[in-house]
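> File follows, structure_20.pdb with PDB, C-alpha atoms, pLDDT in the B column:
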```pdb
MODEL        1
ATOM      1  CA  MET A   1       0.000   0.000   0.000  1.00 38.00           C
ATOM      2  CA  GLN A   2       2.836   2.381   0.844  1.00 41.00           C
ATOM      3  CA  ALA A   3       4.570   1.649  -2.460  1.00 43.00           C
ATOM      4  CA  ARG A   4       1.342   2.435  -4.337  1.00 43.00           C
ATOM      5  CA  ASP A   5       0.934   5.730  -2.432  1.00 47.00           C
ATOM      6  CA  ALA A   6       4.526   6.715  -3.236  1.00 47.00           C
ATOM      7  CA  ALA A   7       4.000   5.957  -6.909  1.00 51.00           C
ATOM      8  CA  THR A   8       0.867   8.136  -7.124  1.00 58.00           C
ATOM      9  CA  ALA A   9       2.061  10.960  -4.868  1.00 63.00           C
ATOM     10  CA  PRO A  10       2.341  14.330  -6.646  1.00 78.00           C
ATOM     11  CA  THR A  11       5.826  15.591  -7.514  1.00 87.00           C
ATOM     12  CA  VAL A  12       6.400  19.346  -7.608  1.00 87.00           C
ATOM     13  CA  TRP A  13       9.400  21.631  -8.045  1.00 93.00           C
ATOM     14  CA  VAL A  14       9.503  24.490  -5.531  1.00 92.00           C
ATOM     15  CA  PHE A  15      11.605  27.589  -6.256  1.00 96.00           C
ATOM     16  CA  GLY A  16      13.341  29.221  -3.291  1.00 95.00           C
ATOM     17  CA  TYR A  17      14.826  32.714  -3.379  1.00 96.00           C
ATOM     18  CA  GLY A  18      14.954  33.596   0.337  1.00 95.00           C
ATOM     19  CA  SER A  19      15.525  31.472   3.416  1.00 91.00           C
ATOM     20  CA  LEU A  20      14.597  28.324   1.467  1.00 91.00           C
ATOM     21  CA  CYS A  21      17.973  28.656  -0.288  1.00 93.00           C
ATOM     22  CA  TRP A  22      19.877  27.914   2.923  1.00 92.00           C
ATOM     23  CA  TYR A  23      17.239  26.272   5.122  1.00 87.00           C
ATOM     24  CA  PRO A  24      14.441  24.499   3.248  1.00 86.00           C
ATOM     25  CA  GLY A  25      13.155  22.687   6.343  1.00 79.00           C
ATOM     26  CA  PHE A  26      11.512  19.847   4.401  1.00 80.00           C
ATOM     27  CA  GLU A  27      12.475  16.605   2.660  1.00 81.00           C
ATOM     28  CA  TYR A  28      13.306  16.741  -1.046  1.00 87.00           C
ATOM     29  CA  SER A  29      14.899  14.456  -3.613  1.00 88.00           C
ATOM     30  CA  ASP A  30      16.842  16.964  -5.744  1.00 89.00           C
ATOM     31  CA  CYS A  31      18.043  20.550  -5.477  1.00 92.00           C
ATOM     32  CA  ILE A  32      19.308  22.554  -8.445  1.00 92.00           C
ATOM     33  CA  THR A  33      20.329  26.178  -8.919  1.00 94.00           C
ATOM     34  CA  GLY A  34      18.867  28.425 -11.579  1.00 94.00           C
ATOM     35  CA  TYR A  35      16.693  31.448 -12.103  1.00 95.00           C
ATOM     36  CA  ILE A  36      13.298  32.807 -13.047  1.00 96.00           C
ATOM     37  CA  ARG A  37      12.657  35.670 -15.454  1.00 96.00           C
ATOM     38  CA  GLY A  38      10.410  38.690 -15.155  1.00 97.00           C
ATOM     39  CA  TYR A  39      10.969  39.270 -11.429  1.00 97.00           C
ATOM     40  CA  VAL A  40      13.498  40.918  -9.105  1.00 97.00           C
ATOM     41  CA  ARG A  41      14.124  40.128  -5.419  1.00 98.00           C
ATOM     42  CA  ARG A  42      13.251  42.889  -2.962  1.00 98.00           C
ATOM     43  CA  PHE A  43      13.110  43.061   0.841  1.00 98.00           C
ATOM     44  CA  TRP A  44       9.691  44.688   0.806  1.00 97.00           C
ATOM     45  CA  GLN A  45       7.788  42.162   2.936  1.00 95.00           C
ATOM     46  CA  GLY A  46       7.408  42.578   6.697  1.00 95.00           C
ATOM     47  CA  ASN A  47       7.664  39.570   8.991  1.00 94.00           C
ATOM     48  CA  VAL A  48       6.329  39.187  12.536  1.00 93.00           C
ATOM     49  CA  THR A  49       6.394  35.403  12.951  1.00 90.00           C
ATOM     50  CA  HIS A  50       9.974  34.385  12.084  1.00 90.00           C
ATOM     51  CA  ARG A  51      12.367  37.358  11.887  1.00 95.00           C
ATOM     52  CA  GLY A  52      10.525  40.074  13.751  1.00 96.00           C
ATOM     53  CA  THR A  53       7.616  40.930  16.022  1.00 96.00           C
ATOM     54  CA  LYS A  54       4.435  43.001  15.714  1.00 93.00           C
ATOM     55  CA  GLU A  55       6.248  45.837  17.465  1.00 95.00           C
ATOM     56  CA  LYS A  56       9.314  45.519  15.207  1.00 96.00           C
ATOM     57  CA  PRO A  57       8.510  43.727  11.946  1.00 97.00           C
ATOM     58  CA  GLY A  58      11.514  42.175  10.234  1.00 97.00           C
ATOM     59  CA  ARG A  59      12.217  42.466   6.522  1.00 98.00           C
ATOM     60  CA  VAL A  60      12.215  39.426   4.232  1.00 96.00           C
ATOM     61  CA  ALA A  61      12.373  38.877   0.498  1.00 96.00           C
ATOM     62  CA  THR A  62       9.597  38.816  -2.040  1.00 96.00           C
ATOM     63  CA  LEU A  63       9.437  39.062  -5.831  1.00 96.00           C
ATOM     64  CA  ILE A  64       8.501  42.197  -7.764  1.00 97.00           C
ATOM     65  CA  GLU A  65       7.526  42.047 -11.422  1.00 96.00           C
ATOM     66  CA  ASP A  66      10.157  43.492 -13.759  1.00 97.00           C
ATOM     67  CA  LYS A  67      10.198  42.656 -17.472  1.00 95.00           C
ATOM     68  CA  GLU A  68      13.999  42.709 -17.573  1.00 95.00           C
ATOM     69  CA  GLY A  69      14.455  41.100 -14.177  1.00 96.00           C
ATOM     70  CA  ILE A  70      16.144  37.815 -13.279  1.00 96.00           C
ATOM     71  CA  THR A  71      16.082  36.248  -9.828  1.00 97.00           C
ATOM     72  CA  TRP A  72      18.552  33.492  -8.967  1.00 97.00           C
ATOM     73  CA  GLY A  73      17.852  30.810  -6.397  1.00 97.00           C
ATOM     74  CA  CYS A  74      17.328  27.073  -6.258  1.00 94.00           C
ATOM     75  CA  ALA A  75      14.537  24.618  -6.970  1.00 95.00           C
ATOM     76  CA  PHE A  76      13.674  21.601  -4.831  1.00 92.00           C
ATOM     77  CA  ARG A  77      11.908  18.503  -6.123  1.00 91.00           C
ATOM     78  CA  VAL A  78       9.391  17.340  -3.522  1.00 87.00           C
ATOM     79  CA  THR A  79       7.018  14.397  -3.590  1.00 85.00           C
ATOM     80  CA  GLY A  80       3.820  14.082  -1.581  1.00 78.00           C
ATOM     81  CA  ASN A  81       1.849  16.613   0.421  1.00 76.00           C
ATOM     82  CA  HIS A  82       3.956  16.746   3.598  1.00 75.00           C
ATOM     83  CA  ALA A  83       6.422  19.356   2.278  1.00 71.00           C
ATOM     84  CA  LEU A  84       3.670  21.378   0.619  1.00 75.00           C
ATOM     85  CA  ASP A  85       1.612  21.417   3.816  1.00 77.00           C
ATOM     86  CA  TYR A  86       4.697  22.598   5.706  1.00 72.00           C
ATOM     87  CA  LEU A  87       5.308  25.381   3.176  1.00 72.00           C
ATOM     88  CA  GLN A  88       1.647  26.374   3.236  1.00 75.00           C
ATOM     89  CA  GLN A  89       1.978  26.997   6.968  1.00 70.00           C
ATOM     90  CA  ARG A  90       5.450  28.583   6.837  1.00 60.00           C
ATOM     91  CA  GLU A  91       5.000  30.847   3.825  1.00 65.00           C
ATOM     92  CA  CYS A  92       1.261  31.450   3.442  1.00 64.00           C
ATOM     93  CA  SER A  93      -0.465  31.128   6.827  1.00 58.00           C
ATOM     94  CA  LEU A  94       2.363  32.764   8.799  1.00 55.00           C
ATOM     95  CA  GLY A  95       4.225  34.729   6.127  1.00 58.00           C
ATOM     96  CA  GLY A  96       1.442  36.230   4.033  1.00 68.00           C
ATOM     97  CA  TYR A  97       2.613  34.772   0.717  1.00 81.00           C
ATOM     98  CA  VAL A  98       0.551  33.465  -2.205  1.00 84.00           C
ATOM     99  CA  THR A  99       1.538  30.807  -4.750  1.00 84.00           C
ATOM    100  CA  GLU A 100       2.152  30.943  -8.475  1.00 88.00           C
ATOM    101  CA  TYR A 101       3.732  28.666 -11.058  1.00 92.00           C
ATOM    102  CA  ILE A 102       6.613  30.340 -12.910  1.00 93.00           C
ATOM    103  CA  LYS A 103       9.099  28.938 -15.435  1.00 95.00           C
ATOM    104  CA  PHE A 104      12.384  27.952 -13.789  1.00 95.00           C
ATOM    105  CA  TYR A 105      15.601  27.846 -15.829  1.00 93.00           C
ATOM    106  CA  PRO A 106      18.208  25.357 -14.513  1.00 92.00           C
ATOM    107  CA  ARG A 107      21.795  26.605 -14.431  1.00 87.00           C
ATOM    108  CA  ILE A 108      23.287  23.192 -15.238  1.00 78.00           C
ATOM    109  CA  ALA A 109      21.867  20.266 -17.185  1.00 61.00           C
ATOM    110  CA  SER A 110      22.389  16.884 -15.516  1.00 51.00           C
ATOM    111  CA  GLU A 111      21.940  13.451 -17.034  1.00 49.00           C
ATOM    112  CA  GLN A 112      21.869  11.792 -13.621  1.00 44.00           C
ATOM    113  CA  SER A 113      19.010  13.919 -12.307  1.00 48.00           C
ATOM    114  CA  GLY A 114      17.092  13.996 -15.572  1.00 56.00           C
ATOM    115  CA  ILE A 115      17.437  17.779 -15.897  1.00 59.00           C
ATOM    116  CA  SER A 116      17.786  18.742 -19.548  1.00 57.00           C
ATOM    117  CA  GLY A 117      18.494  22.430 -19.071  1.00 64.00           C
ATOM    118  CA  GLU A 118      15.103  23.438 -20.467  1.00 82.00           C
ATOM    119  CA  ALA A 119      12.746  25.590 -18.411  1.00 89.00           C
ATOM    120  CA  PHE A 120       9.976  23.898 -16.433  1.00 93.00           C
ATOM    121  CA  PRO A 121       7.217  25.196 -14.111  1.00 93.00           C
ATOM    122  CA  ALA A 122       8.046  25.615 -10.432  1.00 94.00           C
ATOM    123  CA  LEU A 123       5.863  26.563  -7.507  1.00 91.00           C
ATOM    124  CA  VAL A 124       6.833  30.006  -6.193  1.00 93.00           C
ATOM    125  CA  TYR A 125       5.734  31.822  -3.032  1.00 89.00           C
ATOM    126  CA  ILE A 126       5.253  35.582  -3.522  1.00 92.00           C
ATOM    127  CA  ALA A 127       4.161  38.309  -1.106  1.00 91.00           C
ATOM    128  CA  THR A 128       1.883  40.938  -2.638  1.00 89.00           C
ATOM    129  CA  PRO A 129       0.659  44.362  -1.440  1.00 91.00           C
ATOM    130  CA  LYS A 130      -2.656  42.743  -0.486  1.00 88.00           C
ATOM    131  CA  ASN A 131      -1.245  41.018   2.630  1.00 89.00           C
ATOM    132  CA  GLU A 132      -1.244  42.718   6.030  1.00 89.00           C
ATOM    133  CA  HIS A 133       2.546  42.523   6.492  1.00 92.00           C
ATOM    134  CA  TRP A 134       3.407  44.304   3.260  1.00 95.00           C
ATOM    135  CA  ILE A 135       5.972  47.109   3.662  1.00 96.00           C
ATOM    136  CA  GLY A 136       6.647  48.079   0.083  1.00 96.00           C
ATOM    137  CA  GLU A 137       9.498  50.212  -1.182  1.00 97.00           C
ATOM    138  CA  GLU A 138      11.398  52.226   1.400  1.00 97.00           C
ATOM    139  CA  PRO A 139      14.872  53.809   1.535  1.00 97.00           C
ATOM    140  CA  LEU A 140      17.498  51.070   1.608  1.00 98.00           C
ATOM    141  CA  LEU A 141      19.092  52.678   4.675  1.00 98.00           C
ATOM    142  CA  ALA A 142      15.792  52.334   6.545  1.00 98.00           C
ATOM    143  CA  THR A 143      15.484  48.678   5.536  1.00 98.00           C
ATOM    144  CA  ALA A 144      19.054  47.969   6.659  1.00 98.00           C
ATOM    145  CA  ARG A 145      18.565  49.633  10.054  1.00 98.00           C
ATOM    146  CA  GLN A 146      15.325  47.710  10.614  1.00 98.00           C
ATOM    147  CA  ILE A 147      17.036  44.412   9.812  1.00 98.00           C
ATOM    148  CA  VAL A 148      19.826  45.184  12.311  1.00 98.00           C
ATOM    149  CA  GLU A 149      17.261  45.898  15.034  1.00 97.00           C
ATOM    150  CA  CYS A 150      14.890  42.971  14.476  1.00 97.00           C
ATOM    151  CA  ARG A 151      14.771  39.483  15.912  1.00 96.00           C
ATOM    152  CA  GLY A 152      11.997  36.889  15.898  1.00 95.00           C
ATOM    153  CA  PRO A 153      11.240  33.321  16.994  1.00 92.00           C
ATOM    154  CA  SER A 154      13.434  31.878  14.214  1.00 92.00           C
ATOM    155  CA  GLY A 155      16.417  34.101  14.949  1.00 94.00           C
ATOM    156  CA  HIS A 156      17.868  37.489  14.076  1.00 97.00           C
ATOM    157  CA  ASN A 157      16.811  39.250  10.889  1.00 98.00           C
ATOM    158  CA  VAL A 158      20.505  39.731  10.064  1.00 98.00           C
ATOM    159  CA  GLU A 159      20.882  35.955   9.767  1.00 97.00           C
ATOM    160  CA  TYR A 160      18.164  35.776   7.108  1.00 96.00           C
ATOM    161  CA  LEU A 161      19.853  38.413   4.952  1.00 98.00           C
ATOM    162  CA  VAL A 162      23.509  37.443   5.410  1.00 97.00           C
ATOM    163  CA  ARG A 163      22.968  33.705   4.857  1.00 95.00           C
ATOM    164  CA  LEU A 164      21.074  34.467   1.651  1.00 97.00           C
ATOM    165  CA  ALA A 165      23.958  36.651   0.432  1.00 97.00           C
ATOM    166  CA  MET A 166      26.416  33.890   1.401  1.00 95.00           C
ATOM    167  CA  PHE A 167      24.408  31.397  -0.639  1.00 94.00           C
ATOM    168  CA  MET A 168      24.569  33.675  -3.673  1.00 95.00           C
ATOM    169  CA  ARG A 169      28.318  34.227  -3.432  1.00 94.00           C
ATOM    170  CA  ASP A 170      29.118  30.582  -2.715  1.00 91.00           C
ATOM    171  CA  GLU A 171      26.740  28.819  -5.091  1.00 91.00           C
ATOM    172  CA  LEU A 172      26.252  31.473  -7.792  1.00 93.00           C
ATOM    173  CA  PRO A 173      29.396  33.635  -7.760  1.00 90.00           C
ATOM    174  CA  GLY A 174      28.705  35.097 -11.190  1.00 86.00           C
ATOM    175  CA  ALA A 175      25.099  36.112 -10.483  1.00 91.00           C
ATOM    176  CA  CYS A 176      24.209  39.758  -9.921  1.00 90.00           C
ATOM    177  CA  ASP A 177      21.765  41.072  -7.325  1.00 96.00           C
ATOM    178  CA  GLU A 178      22.540  44.713  -6.563  1.00 96.00           C
ATOM    179  CA  HIS A 179      19.648  45.131  -4.125  1.00 97.00           C
ATOM    180  CA  LEU A 180      20.683  42.138  -2.022  1.00 98.00           C
ATOM    181  CA  PHE A 181      24.404  42.895  -1.895  1.00 98.00           C
ATOM    182  CA  GLU A 182      24.014  46.622  -1.291  1.00 98.00           C
ATOM    183  CA  LEU A 183      21.621  45.878   1.557  1.00 98.00           C
ATOM    184  CA  GLU A 184      24.019  43.310   3.002  1.00 98.00           C
ATOM    185  CA  GLY A 185      26.864  45.840   2.854  1.00 98.00           C
ATOM    186  CA  LEU A 186      24.842  48.398   4.794  1.00 98.00           C
ATOM    187  CA  VAL A 187      23.798  45.831   7.404  1.00 98.00           C
ATOM    188  CA  ARG A 188      27.371  44.634   7.916  1.00 98.00           C
ATOM    189  CA  ARG A 189      28.470  48.260   8.310  1.00 98.00           C
ATOM    190  CA  PHE A 190      25.801  49.044  10.915  1.00 98.00           C
ATOM    191  CA  VAL A 191      26.609  45.853  12.852  1.00 97.00           C
ATOM    192  CA  ALA A 192      30.321  46.761  12.878  1.00 97.00           C
ATOM    193  CA  GLU A 193      29.567  50.340  13.979  1.00 97.00           C
ATOM    194  CA  ALA A 194      27.546  48.945  16.891  1.00 96.00           C
ATOM    195  CA  ASN A 195      30.532  46.761  17.898  1.00 97.00           C
ATOM    196  CA  VAL A 196      28.400  43.620  17.629  1.00 96.00           C
ATOM    197  CA  ASN A 197      29.913  40.255  16.716  1.00 96.00           C
ATOM    198  CA  LEU A 198      28.232  39.342  13.425  1.00 96.00           C
ATOM    199  CA  GLU A 199      28.672  35.599  13.931  1.00 94.00           C
ATOM    200  CA  LEU A 200      26.582  35.778  17.101  1.00 94.00           C
ATOM    201  CA  LEU A 201      23.698  37.141  15.022  1.00 96.00           C
ATOM    202  CA  LEU A 202      23.997  34.180  12.663  1.00 93.00           C
ATOM    203  CA  ILE A 203      23.107  31.718  15.411  1.00 89.00           C
ATOM    204  CA  GLY A 204      19.414  31.000  14.932  1.00 76.00           C
ATOM    205  CA  THR A 205      17.010  28.467  16.386  1.00 71.00           C
ATOM    206  CA  VAL A 206      18.090  25.876  13.798  1.00 76.00           C
ATOM    207  CA  THR A 207      21.499  24.816  12.528  1.00 72.00           C
ATOM    208  CA  PRO A 208      21.496  25.066   8.722  1.00 72.00           C
ATOM    209  CA  HIS A 209      23.562  22.665   6.667  1.00 72.00           C
ATOM    210  CA  ARG A 210      25.390  23.298   3.439  1.00 69.00           C
ATOM    211  CA  ILE A 211      23.566  21.544   0.612  1.00 74.00           C
ATOM    212  CA  ARG A 212      25.321  20.191  -2.457  1.00 68.00           C
ATOM    213  CA  ARG A 213      23.210  21.282  -5.370  1.00 79.00           C
ATOM    214  CA  ASP A 214      23.195  20.504  -9.083  1.00 75.00           C
ATOM    215  CA  THR A 215      23.860  16.821  -8.468  1.00 63.00           C
ATOM    216  CA  HIS A 216      21.766  13.669  -8.156  1.00 39.00           C
ATOM    217  CA  GLU A 217      23.351  13.038  -4.761  1.00 35.00           C
ATOM    218  CA  GLU A 218      21.919  14.568  -1.608  1.00 41.00           C
ATOM    219  CA  VAL A 219      25.039  15.546   0.318  1.00 36.00           C
ATOM    220  CA  ARG A 220      25.019  18.049   3.181  1.00 36.00           C
ATOM    221  CA  ARG A 221      27.717  19.485   5.376  1.00 33.00           C
ATOM    222  CA  HIS A 222      27.849  22.135   8.067  1.00 33.00           C
ATOM    223  CA  VAL A 223      27.930  25.789   7.145  1.00 33.00           C
ATOM    224  CA  THR A 224      31.183  27.700   7.561  1.00 32.00           C
ATOM    225  CA  PHE A 225      31.516  31.440   7.522  1.00 30.00           C
ATOM    226  CA  GLU A 226      34.190  31.735   4.860  1.00 33.00           C
ATOM    227  CA  TYR A 227      33.856  31.752   1.092  1.00 30.00           C
ATOM    228  CA  THR A 228      34.467  28.284  -0.223  1.00 30.00           C
ATOM    229  CA  SER A 229      34.885  26.874  -3.681  1.00 30.00           C
ATOM    230  CA  ARG A 230      33.539  23.347  -3.873  1.00 33.00           C
ATOM    231  CA  VAL A 231      34.708  21.069  -6.656  1.00 33.00           C
ATOM    232  CA  PRO A 232      33.113  17.604  -6.965  1.00 38.00           C
ATOM    233  CA  ASP A 233      35.421  14.599  -6.718  1.00 40.00           C
ATOM    234  CA  THR A 234      36.448  13.368 -10.165  1.00 37.00           C
ATOM    235  CA  LYS A 235      38.801  10.811 -11.639  1.00 36.00           C
ATOM    236  CA  LEU A 236      41.132  12.168 -14.295  1.00 33.00           C
ATOM    237  CA  ARG A 237      42.578  10.195 -17.183  1.00 34.00           C
ATOM    238  CA  CYS A 238      45.663  11.095 -19.204  1.00 33.00           C
ATOM    239  CA  LEU A 239      44.956  11.298 -22.895  1.00 34.00           C
ATOM    240  CA  HIS A 240      47.848  10.875 -25.314  1.00 35.00           C
ATOM    241  CA  ILE A 241      47.091  13.326 -28.083  1.00 31.00           C
TER
ENDMDL
END
```
For this file, write the structure as structure tokens.


Amino acid sequence: MQARDAATAPTVWVFGYGSLCWYPGFEYSDCITGYIRGYVRRFWQGNVTHRGTKEKPGRVATLIEDKEGITWGCAFRVTGNHALDYLQQRECSLGGYVTEYIKFYPRIASEQSGISGEAFPALVYIATPKNEHWIGEEPLLATARQIVECRGPSGHNVEYLVRLAMFMRDELPGACDEHLFELEGLVRRFVAEANVNLELLLIGTVTPHRIRRDTHEEVRRHVTFEYTSRVPDTKLRCLHI
């Protein structure tokens, strides 16, 4: 009976562009990096359940329509309703997000994982101005100062931002996101000016693990705070040419 249920369970790709990139929190079979078109990432959504409080709402990422925009992140392949139920609670019920299906473009094609490199639909969670926690556009300095001052049940708001920027630099070093990196620079500056140890702000309620993406293997290792370049193990052969 269990085998039959597994065979008929729905399989969905979920695109992450915020905390899902470094802490998905659910079981998945594959994780690949890539991007979606027509949107840019902005920290215009307030948060009172994970990275802030009602008195001091944190700032988290959402997607804003932009014809020329590209947003990099990663897609997770999930099977069954358990992960989707978890995300419904985490992103929609608590976060104020809605769902859409948007074309996802894989960065690397992989024979082992069955990824051809062609775009395919992925489930995306987006916050819109209709939800009660919407902040909208504000001066970047104001956003940075709010992030430095906010903490919620899941940890400090600084952790959310800095770990996302670390993911981008480590996994997608050639990708551009001016909004994200400029905001991170301001936050790091304000933390330093306050003589606060940044690493202490990166200690949340969960311990994230580094995820090896763009491979059929599901390999995780602990996060470190330095830039790393990860090269998969390979066997080399000498060719006499």

> Under the PyMOL selection byres ((chain A and resi 18-20) around 8), which residues of this model are included? Write them out as a list in words.

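Here the PyMOL selection byres ((chain A and resi 18-20) around 8) matches Gly16, Tyr17, Cys21, Trp22, Tyr23, Pro24, Gly25, Val60, Ala61, Thr62, Gly73, Tyr160, Arg163 and Leu164 of chain A.
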
> Check what the PyMOL selection byres ((chain A and resi 75) around 7) selects in the file above and give those residues as a PyMOL selection string.

chain A and resi 13-16+31-33+74+76-77

> If the PyMOL selection byres ((chain A and resi 103) around 9) were run on this exact file, what residues would it hold? Put them as a PDB file with C-alpha atoms, keeping the file's coordinate frame.


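This is the output file part.pdb:
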```
ATOM      1  CA  TYR A  35      16.693  31.448 -12.103  1.00 95.00           C
ATOM      2  CA  ILE A  36      13.298  32.807 -13.047  1.00 96.00           C
ATOM      3  CA  ARG A  37      12.657  35.670 -15.454  1.00 96.00           C
ATOM      4  CA  TYR A 101       3.732  28.666 -11.058  1.00 92.00           C
ATOM      5  CA  ILE A 102       6.613  30.340 -12.910  1.00 93.00           C
ATOM      6  CA  PHE A 104      12.384  27.952 -13.789  1.00 95.00           C
ATOM      7  CA  TYR A 105      15.601  27.846 -15.829  1.00 93.00           C
ATOM      8  CA  ALA A 119      12.746  25.590 -18.411  1.00 89.00           C
ATOM      9  CA  PHE A 120       9.976  23.898 -16.433  1.00 93.00           C
ATOM     10  CA  PRO A 121       7.217  25.196 -14.111  1.00 93.00           C
ATOM     11  CA  ALA A 122       8.046  25.615 -10.432  1.00 94.00           C
ATOM     12  CA  LEU A 123       5.863  26.563  -7.507  1.00 91.00           C
TER      13      LEU A 123
END
```

> Measuring atom to atom with all atoms listed in the file, identify which of A:Pro139, A:Gly204, A:Gly69, A:Gly155 is nearest to Glu182 of chain A.

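The shortest atom-to-atom distance to Glu182 of chain A comes from A:Pro139.
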
> Would you please work out which residue, of A:Leu186, A:Val196, A:Val162, A:Ile64, is nearest to Glu137 of chain A when using all atoms listed in the file?

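The shortest atom-to-atom distance to Glu137 of chain A comes from A:Ile64.
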
> Have a look at A:Gly185, A:Gly152, A:Pro106, A:Pro129 and name the one nearest to Gly34 of chain A; count only C-alpha atoms.

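Using only C-alpha atoms, the shortest distance to Gly34 of chain A belongs to A:Pro106.
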